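Student: Data: run.cif, mmCIF, C-alpha atoms and all ligand atoms.
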```
data_run
loop_
_atom_site.label_atom_id
_atom_site.label_comp_id
_atom_site.auth_asym_id
_atom_site.auth_seq_id
_atom_site.Cartn_x
_atom_site.Cartn_y
_atom_site.Cartn_z
CA MET A 1 3.21 241.02 -5.45
CA VAL A 2 2.38 244.13 -7.44
CA ASP A 3 4.50 246.04 -9.92
CA GLY A 4 3.85 249.22 -11.89
CA PHE A 5 2.96 252.69 -10.59
CA PHE A 6 6.65 253.42 -9.89
CA MET A 7 8.79 255.51 -12.24
CA GLN A 8 12.55 255.17 -12.45
CA ILE A 9 14.53 257.97 -10.83
CA PRO A 10 18.01 258.90 -12.15
CA LEU A 11 20.53 257.55 -9.63
CA ARG A 12 22.20 260.95 -9.29
CA LYS A 13 18.87 262.35 -8.03
CA ALA A 14 17.87 259.38 -5.82
CA TYR A 15 19.01 261.20 -2.65
CA ARG A 16 16.25 263.76 -3.24
CA LEU A 17 13.75 261.04 -2.26
CA LEU A 18 15.21 261.32 1.27
CA HIS A 19 14.19 264.99 1.51
CA PRO A 20 12.65 267.16 3.03
CA ARG A 21 15.34 267.14 5.69
CA PRO A 22 16.32 269.54 8.49
CA VAL A 23 18.91 272.14 7.55
CA VAL A 24 21.77 273.01 9.87
CA VAL A 25 24.66 275.42 9.50
CA ILE A 26 27.95 273.73 10.34
CA VAL A 27 30.36 276.30 11.79
CA SER A 28 34.06 275.42 11.92
CA ILE A 29 37.15 277.22 13.17
CA GLY A 30 40.69 277.15 11.81
CA ARG A 31 43.97 276.92 13.70
CA ASP A 32 44.34 280.70 13.60
CA GLY A 33 40.75 281.44 14.67
CA ARG A 34 39.22 281.94 11.20
CA VAL A 35 35.53 281.04 11.34
CA ASN A 36 33.31 279.86 8.51
CA GLY A 37 30.09 277.93 8.06
CA CYS A 38 27.86 276.37 5.44
CA ALA A 39 24.39 274.84 5.11
CA VAL A 40 24.17 271.07 5.48
CA SER A 41 21.08 268.90 5.22
CA TRP A 42 22.73 265.46 5.05
CA ILE A 43 22.90 265.02 8.81
CA THR A 44 21.70 262.32 11.19
CA PRO A 45 21.96 261.10 14.81
CA VAL A 46 23.95 257.82 15.03
CA ASN A 47 24.43 256.99 18.74
CA VAL A 48 22.70 257.92 22.04
CA ASP A 49 25.38 257.37 24.70
CA PRO A 50 27.79 258.88 24.00
CA PRO A 51 25.77 261.17 21.73
CA ILE A 52 27.20 260.88 18.22
CA ILE A 53 25.97 262.53 15.03
CA ALA A 54 27.21 262.28 11.44
CA PHE A 55 27.00 264.61 8.49
CA SER A 56 28.19 264.50 4.94
CA LEU A 57 30.49 267.33 3.90
CA ALA A 58 32.29 267.78 0.59
CA PRO A 59 36.06 268.24 1.11
CA SER A 60 35.85 271.11 -1.39
CA ARG A 61 33.95 273.22 1.20
CA TYR A 62 35.94 275.90 3.02
CA THR A 63 34.03 274.82 6.15
CA TYR A 64 35.66 271.39 5.75
CA ARG A 65 39.13 272.89 5.45
CA LEU A 66 38.74 274.73 8.79
CA LEU A 67 37.12 271.67 10.39
CA LYS A 68 40.24 269.64 9.51
CA GLU A 69 42.44 272.22 11.26
CA SER A 70 40.63 272.19 14.62
CA GLY A 71 38.43 269.07 14.67
CA GLU A 72 35.64 271.20 16.16
CA VAL A 73 32.25 272.27 14.84
CA THR A 74 28.97 273.65 16.02
CA VAL A 75 25.81 272.25 14.45
CA ASN A 76 23.28 275.08 14.30
CA ILE A 77 19.71 273.91 13.73
CA MET A 78 17.95 276.55 11.69
CA GLY A 79 14.37 277.81 11.75
CA PHE A 80 12.17 278.62 8.76
CA SER A 81 12.54 282.36 9.50
CA ASN A 82 16.25 282.02 8.65
CA MET A 83 15.64 280.48 5.22
CA GLU A 84 17.29 283.28 3.19
CA LYS A 85 20.36 283.59 5.39
CA THR A 86 20.80 279.82 5.45
CA HIS A 87 20.43 279.57 1.68
CA TYR A 88 23.07 282.28 1.30
CA VAL A 89 25.62 280.39 3.40
CA GLY A 90 24.74 277.29 1.39
CA THR A 91 25.34 278.98 -1.94
CA VAL A 92 28.47 281.14 -1.61
CA SER A 93 31.87 279.99 -0.35
CA GLY A 94 34.06 281.41 2.39
CA LYS A 95 36.93 280.79 -0.04
CA ASP A 96 35.66 283.81 -2.00
CA ILE A 97 34.02 285.90 0.75
CA GLY A 98 35.56 286.92 4.09
CA ASP A 99 33.27 286.88 7.16
CA LYS A 100 30.62 284.96 5.23
CA LEU A 101 28.47 284.29 8.31
CA GLY A 102 28.49 288.00 9.25
CA LYS A 103 27.65 288.99 5.65
CA ALA A 104 24.71 286.57 5.80
CA GLY A 105 23.45 288.54 8.80
CA PHE A 106 24.09 285.81 11.37
CA LYS A 107 25.25 286.76 14.88
CA LEU A 108 27.79 284.45 16.50
CA LYS A 109 27.86 283.42 20.16
CA PRO A 110 30.65 281.83 22.19
CA SER A 111 30.40 278.09 22.80
CA LYS A 112 30.62 276.44 26.22
CA LYS A 113 32.97 273.52 25.46
CA ILE A 114 34.76 274.33 22.20
CA LYS A 115 36.38 277.26 20.40
CA ALA A 116 34.10 277.15 17.33
CA PRO A 117 31.25 279.63 17.95
CA GLY A 118 27.54 278.96 17.58
CA ILE A 119 24.94 281.00 15.70
CA ALA A 120 22.72 283.04 18.03
CA ASP A 121 19.90 283.03 15.43
CA ALA A 122 19.65 279.19 15.50
CA LEU A 123 16.82 277.26 17.18
CA ALA A 124 19.34 274.97 18.85
CA ILE A 125 23.08 274.34 18.88
CA LEU A 126 25.20 271.20 19.28
CA GLU A 127 28.87 271.68 20.19
CA CYS A 128 30.81 268.78 18.66
CA ARG A 129 34.26 267.24 18.36
CA VAL A 130 35.05 265.19 15.24
CA VAL A 131 35.86 261.56 16.14
CA LYS A 132 35.92 259.78 12.78
CA GLU A 133 35.70 260.35 9.07
CA ILE A 134 34.80 258.10 6.14
CA GLU A 135 35.98 259.21 2.70
CA PHE A 136 33.88 258.73 -0.41
CA THR A 137 34.27 260.41 -3.79
CA ASP A 138 32.54 263.81 -3.64
CA HIS A 139 31.53 263.93 0.05
CA ASN A 140 33.04 262.62 3.30
CA LEU A 141 31.00 261.35 6.23
CA VAL A 142 32.12 263.30 9.29
CA VAL A 143 31.26 261.61 12.60
CA ALA A 144 31.27 263.83 15.69
CA GLU A 145 30.57 263.53 19.40
CA VAL A 146 28.15 266.06 20.92
CA LEU A 147 29.84 267.68 23.95
CA HIS A 148 27.13 270.23 24.74
CA ALA A 149 23.59 270.79 23.46
CA GLU A 150 21.29 273.78 23.96
CA ALA A 151 17.98 274.97 22.55
CA LYS A 152 15.90 278.14 22.84
CA GLN A 153 13.22 277.70 25.49
CA ARG A 154 10.19 277.76 23.19
CA VAL A 155 11.86 275.23 20.86
CA PHE A 156 12.26 272.14 23.06
CA LYS A 157 9.37 271.02 25.30
CA ASN A 158 8.71 267.57 26.84
CA ASN A 159 11.88 266.29 25.15
CA ILE A 160 10.66 266.99 21.62
CA VAL A 161 10.99 269.91 19.24
CA SER A 162 7.77 271.84 19.87
CA GLU A 163 5.09 272.13 17.20
CA ASP A 164 5.51 275.88 16.84
CA ALA A 165 9.33 275.79 16.49
CA ARG A 166 9.07 275.74 12.67
CA PRO A 167 12.38 274.07 11.78
CA LEU A 168 13.76 274.76 8.31
CA LEU A 169 13.44 271.75 5.99
CA HIS A 170 15.15 271.47 2.61
CA VAL A 171 13.16 269.93 -0.24
CA GLY A 172 15.79 270.39 -2.99
CA GLY A 173 17.46 273.21 -4.95
CA SER A 174 16.01 276.48 -3.69
CA ILE A 175 12.79 274.91 -2.32
CA TYR A 176 12.21 274.78 1.44
CA THR A 177 9.34 273.97 3.75
CA THR A 178 8.58 273.58 7.45
CA VAL A 179 6.50 271.43 9.77
CA GLN A 180 2.78 272.32 9.62
CA ARG A 181 1.23 270.29 12.45
CA TYR A 182 1.95 267.28 14.60
CA HIS A 183 -0.18 264.12 14.81
CA SER A 184 0.12 261.53 17.56
CA ILE A 185 -1.02 257.91 17.62
CA GLU A 186 -2.47 255.89 20.49
CA GLU A 187 0.25 253.87 22.26
CA TYR A 188 -0.34 250.08 22.06
C1 LIG A 201 19.93 273.67 1.85
C2 LIG A 201 21.34 273.28 1.53
C3 LIG A 201 21.84 272.09 2.03
C4 LIG A 201 23.18 271.71 1.77
N1 LIG A 201 23.64 270.53 2.27
C5 LIG A 201 24.95 270.20 2.08
C6 LIG A 201 25.46 269.00 2.66
O1 LIG A 201 24.74 268.24 3.32
N2 LIG A 201 26.78 268.74 2.48
C7 LIG A 201 27.61 269.57 1.77
O2 LIG A 201 28.80 269.28 1.63
N3 LIG A 201 27.14 270.71 1.21
C8 LIG A 201 25.83 271.04 1.35
N4 LIG A 201 25.34 272.20 0.80
C9 LIG A 201 26.24 273.05 0.00
C10 LIG A 201 27.16 273.96 0.82
O3 LIG A 201 26.47 274.59 1.88
C11 LIG A 201 27.74 275.04 -0.14
O4 LIG A 201 28.55 274.41 -1.10
C12 LIG A 201 28.48 276.16 0.55
O5 LIG A 201 28.57 277.22 -0.37
C13 LIG A 201 29.86 275.77 1.03
O6 LIG A 201 30.42 276.90 1.63
P1 LIG A 201 31.94 276.98 2.13
O7 LIG A 201 32.84 276.70 0.94
O8 LIG A 201 32.07 278.39 2.64
O9 LIG A 201 32.12 275.95 3.20
C14 LIG A 201 24.01 272.57 1.00
C15 LIG A 201 23.48 273.77 0.49
C16 LIG A 201 22.17 274.12 0.76
C17 LIG A 201 21.64 275.42 0.21
#
```
In structure tokens, what does this structure look like?
Ligand SMILES: Cc1cc2nc3c(=O)[nH]c(=O)nc-3n(C[C@H](O)[C@H](O)[C@H](O)COP(=O)(O)O)c2cc1C
Tutor:
Amino acid sequence: MVDGFFMQIPLRKAYRLLHPRPVVVIVSIGRDGRVNGCAVSWITPVNVDPPIIAFSLAPSRYTYRLLKESGEVTVNIMGFSNMEKTHYVGTVSGKDIGDKLGKAGFKLKPSKKIKAPGIADALAILECRVVKEIEFTDHNLVVAEVLHAEAKQRVFKNNIVSEDARPLLHVGGSIYTTVQRYHSIEEY
């Protein structure tokens, strides 16, 4: 056993040790067709068949309010080239700004299986229906089934995100990065 070398991290900042993480824009639609979206990096796959994902969304987000009205979202996986636009939709609220996604410079595209639109600028899009929710104090875990998935051709090759796709990764605050190069290991 060894001890030492480690420094204590304030518990409120412990989540930052789980970054860098991919950034998506969750787009939701209200009962009357209002559309909004915000940046989310607390997202993970949770089941293969059926395909289920989960993300953590604060109920204070306008995106959450619309999500509760329709139970539908698109998960838009963003590239490094969309860093500024993504940061904008992760910093201002649709409560204060109408057509926030349009003001960010994002172009929307119709979805195949749901009413909530996707973002045409994204690397890939998952069309999802919310199936479960777990409440906590400041964020809720939203669990959703993926009904349709699509990616731009150069982005997904041999069933992996290709090396030159340059997904947007969030380090913390206003710091972002992307993937530099892939390394593979010999199979045993
Ligand atoms: C890179 C980045 C990642 C974020 N990740 C999350 C997240 O995982 N969950 C969340 O609730 N908010 C997250 N946010 C904050 C929301 O995107 C932000 O509060 C946004 O302004 C909410 O907009 P809305 O009120 O229009 O929905 C993130 C912000 C940024 C910039």
Student: I'd like the contact shell of A:Trp42 - 8 Å cut-off, only C-alpha atoms, skipping same-chain residues fewer than 5 positions apart - returned as a ChimeraX atom specification.
Tutor: /A:21,55-56
Student: Would you list the contacts of A:Val131 as number ranges by chain, taking every protein, DNA or RNA residue within 7 Å and counting all atoms listed in the file, but skipping same-chain residues closer than 5 positions in sequence?
Tutor: A: 143-145
Student: Could you tell me how far atom CA of A:Tyr176 lies from atom CA of A:His87, in Å and to one decimal?
Tutor: 9.5 Å
Student: Between atom CA of A:Lys113 and atom CA of A:Ala149, what is the distance in Å, rounded to a tenth?
Tutor: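 Pair atom CA of A:Lys113 / atom CA of A:Ala149 returns 10.0 Å.
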Student: To one decimal in Å, tell me the separation between atom CA of A:Lys157 and atom CA of A:Asp121.
Tutor: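 Going from atom CA of A:Lys157 over to atom CA of A:Asp121, I get 18.8 Å.
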Student: From the set A:Ala14, A:Ala116, A:Val2, A:Val23, which residue has the shortest atom-to-atom contact distance to A:Met83, counting only C-alpha atoms?
Tutor: A:Val23
Student: Using only C-alpha atoms and all ligand atoms, find the one residue out of A:Gln180, A:Ser111, A:Gln8, A:Asn140 that sits nearest to ligand LIG 201 (chain A).
Tutor: A:Asn140
Student: Point out the residue among A:Asn47, A:Thr91, A:Asn76, A:Thr178 with the least atom-to-atom distance to ligand LIG 201 (chain A), counting all atoms listed in the file.
Tutor: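 Ranked by minimum distance to ligand LIG 201 (chain A), first place goes to A:Thr91.
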